[in-house]
Amino acid sequence: MSYALVRARQLDLDQFAAAAGLHPELIRRFVALGILDADRDPGGRLWFRPTQLAAVARIQRLRAGFALNYAAIGLVTDLLDQIAALQATLRTTGGRER
Amino acid sequence: MAGADQDFYRVLGVPRNASQDEIQRAYRKLARENHPDVNKDPAAEERFKDISEAYNVLSDPQTRRRYDAFGPDFRQVPEGVDPETWRRARAGAGAGAGARAGSGAGAAGGRGGFGPDIDLDDLLGGLFGGRGGRGWGAVPGADQEAEVELTVEDAYHGTRRTLTLTSPAGTRSIDVTIPAGVTDGQRIRLAGQGGRGSDGAPPGDLYLIVRIAPHRGYRLEGRDLHVELRLSPWEAALGTSIAVATPAGEVKLSVPAGTSSGRRLRMRGRGLPNPRGRPGDLFAEARIMVPATPTEAERELFERLAAVSEFDPRRRR
């Protein structure tokens, strides 16, 4: 299982849902709600990078921890990502006073 | 474990007579501060678990009453027991109490009839046992961040560090090899050392953020090292060769004649090493110093120089 994850660069919906331990329909809803990124091939099938499993885990934790609805989760994850990007910029430009 | 002997009221920071509203408010606030996706500090995960566990117990008036009556061991107390009787029985039990606490928690904690899916022994019971958390299976852990401060020398040569991390599983130490040539703000990924997953899901990663401590002798810009090069007026005017201290030891630097303050002399590749590419450079910035109290002879020579020289540093060319 973990070998397949490493080798395949992208997972299809069923593989990804199995790896995340969730129903494929729920994963499809995450994508429709714009809180999970996926690539769509010309046939309309969804493909996921294995790193997206961490994004699904974060959605689950936020929902469990704060009882957020999915719209709010989208907002929170966007904000968290923006903060992470800002912090990374601060770190590398030496924003720390010395 | 960590949470078992803690007072739930103290965990939430509320008095024992707090209203359900106050308990809810304290919990929401603490949960926002310590949620593993918001707070990257490894210690926050444990706090979040304790907070959630405390709230799970105190938010339900019935469980709260039992907690107030029987204390931390309330889950082992059968329904309908009188608190006074229980206290007397416990005091008498003495040596047997420890063994019972160990074996009883798993059995009684799981299906004691308080709330959904609460299991004291489940490390992430607090995380996923509460409201809205039903139905999730295994959820991988969150990524965490910790800072590690290095000296310039450590960054140059690489070093080893032993980190002590606090998590719901207790404290653990990990040995980390920090490669030569890390820069300030760089992140080092330690796969699988982050927050733990639930139900056997994989843990997240731990990112070490490198901080390079300010150094008396050097200033760092990325991989470039900047040093101050103090020169006497005659060294600056006539040129000289000077030993400059670097993290790799002293290097000889030849100062050309006619060097003024502010001139930067560059020594290629003498900065911090780069595991993937060109190493940084060493920049020595000239700074001309004069004796604060010149001797009689020095003063005399400077006066002669002043009389003879036609050099005007303020003349624009």
# chains A, B, ... in the order shown; residues from 1 in each chain; ligands from 1
>>> residues_around(residues="Leu220 (chain B)", least_positions_apart="2", cutoff="10 Å", atoms="only C-alpha atoms", output="VMD selection string")
(chain A and resid 94) or (chain B and resid 152 183 to 184 212 to 215 218 222 to 227 271 to 272 280 282)
>>> residues_around(residues="Ile27 (chain A)", least_positions_apart="2", cutoff="10 Å", atoms="only C-alpha atoms", output="PyMOL selection string")
chain A and resi 13-14+16-17+20+22-25+29-33+35-36+38+46+56
>>> closest_residue(among="A:Pro50, A:Ile59, A:Arg9, A:Arg45", to="Ala72 (chain A)", atoms="only C-alpha atoms")
A:Ile59
>>> residues_around(residues="region 312-317 of chain B", least_positions_apart="6", cutoff="12 Å", atoms="only C-alpha atoms", output="PyMOL selection string")
chain B and resi 260-261+306
>>> interface_residues(of="chain A", to="chain B", cutoff="10 Å", atoms="only C-alpha atoms", output="count of residues only")
36
>>> atom_distance(atom1="CA of Val148 (chain B)", atom2="CA of Ser173 (chain B)")
14.0 Å
>>> atom_distance(atom1="CA of Arg287 (chain B)", atom2="CA of Trp234 (chain B)")
12.4 Å
>>> select_by_dssp(residues="region 18-63 of chain A", states="strand (DSSP E)", output="ChimeraX atom specification")
/A:39-40,46-48
>>> write_last_selection(atoms="N, CA, C and O atoms", output="mmCIF file, in the first residue's frame")
data_model
loop_
_atom_site.group_PDB
_atom_site.id
_atom_site.type_symbol
_atom_site.label_atom_id
_atom_site.label_comp_id
_atom_site.auth_asym_id
_atom_site.auth_seq_id
_atom_site.Cartn_x
_atom_site.Cartn_y
_atom_site.Cartn_z
ATOM 1 N N ASP A 39 -6.739 17.406 -9.794
ATOM 2 C CA ASP A 39 -6.614 17.628 -11.238
ATOM 3 C C ASP A 39 -7.710 16.833 -11.932
ATOM 4 O O ASP A 39 -8.080 15.755 -11.487
ATOM 5 N N ARG A 40 -8.207 17.404 -13.018
ATOM 6 C CA ARG A 40 -9.267 16.722 -13.762
ATOM 7 C C ARG A 40 -8.697 16.378 -15.145
ATOM 8 O O ARG A 40 -8.173 17.256 -15.826
ATOM 9 N N LEU A 46 -11.080 12.560 -11.604
ATOM 10 C CA LEU A 46 -10.280 13.327 -10.654
ATOM 11 C C LEU A 46 -8.987 12.585 -10.324
ATOM 12 O O LEU A 46 -8.983 11.363 -10.176
ATOM 13 N N TRP A 47 -7.912 13.350 -10.214
ATOM 14 C CA TRP A 47 -6.614 12.793 -9.827
ATOM 15 C C TRP A 47 -6.043 13.605 -8.682
ATOM 16 O O TRP A 47 -6.168 14.826 -8.647
ATOM 17 N N PHE A 48 -5.389 12.894 -7.761
ATOM 18 C CA PHE A 48 -4.886 13.554 -6.550
ATOM 19 C C PHE A 48 -3.410 13.250 -6.348
ATOM 20 O O PHE A 48 -2.966 12.150 -6.633
#
>>> select_by_dssp(residues="region 131-301 of chain B", states="alpha helix (DSSP H)", output="list in words")
Val152, Glu153, Asp154, Ala155, Tyr156, His157, Pro233, Trp234, Glu235, Ala236, Ala237, Leu238, Glu296, Ala297, Glu298, Arg299, Glu300 and Leu301 of chain B
>>> residues_around(residues="Ala248 (chain B)", least_positions_apart="5", cutoff="9 Å", atoms="only C-alpha atoms", output="PyMOL selection string")
chain B and resi 153+156-157+270
>>> write_last_selection(atoms="C-alpha atoms", output="PDB file, in the first residue's frame")
ATOM      1  CA  GLU B 153      30.175  27.784  13.674  1.00  0.00           C
ATOM      2  CA  TYR B 156      29.310  26.107   9.071  1.00  0.00           C
ATOM      3  CA  HIS B 157      30.474  22.698  10.237  1.00  0.00           C
ATOM      4  CA  ARG B 270      34.780  31.704   2.207  1.00  0.00           C
TER       5      ARG B 270
END
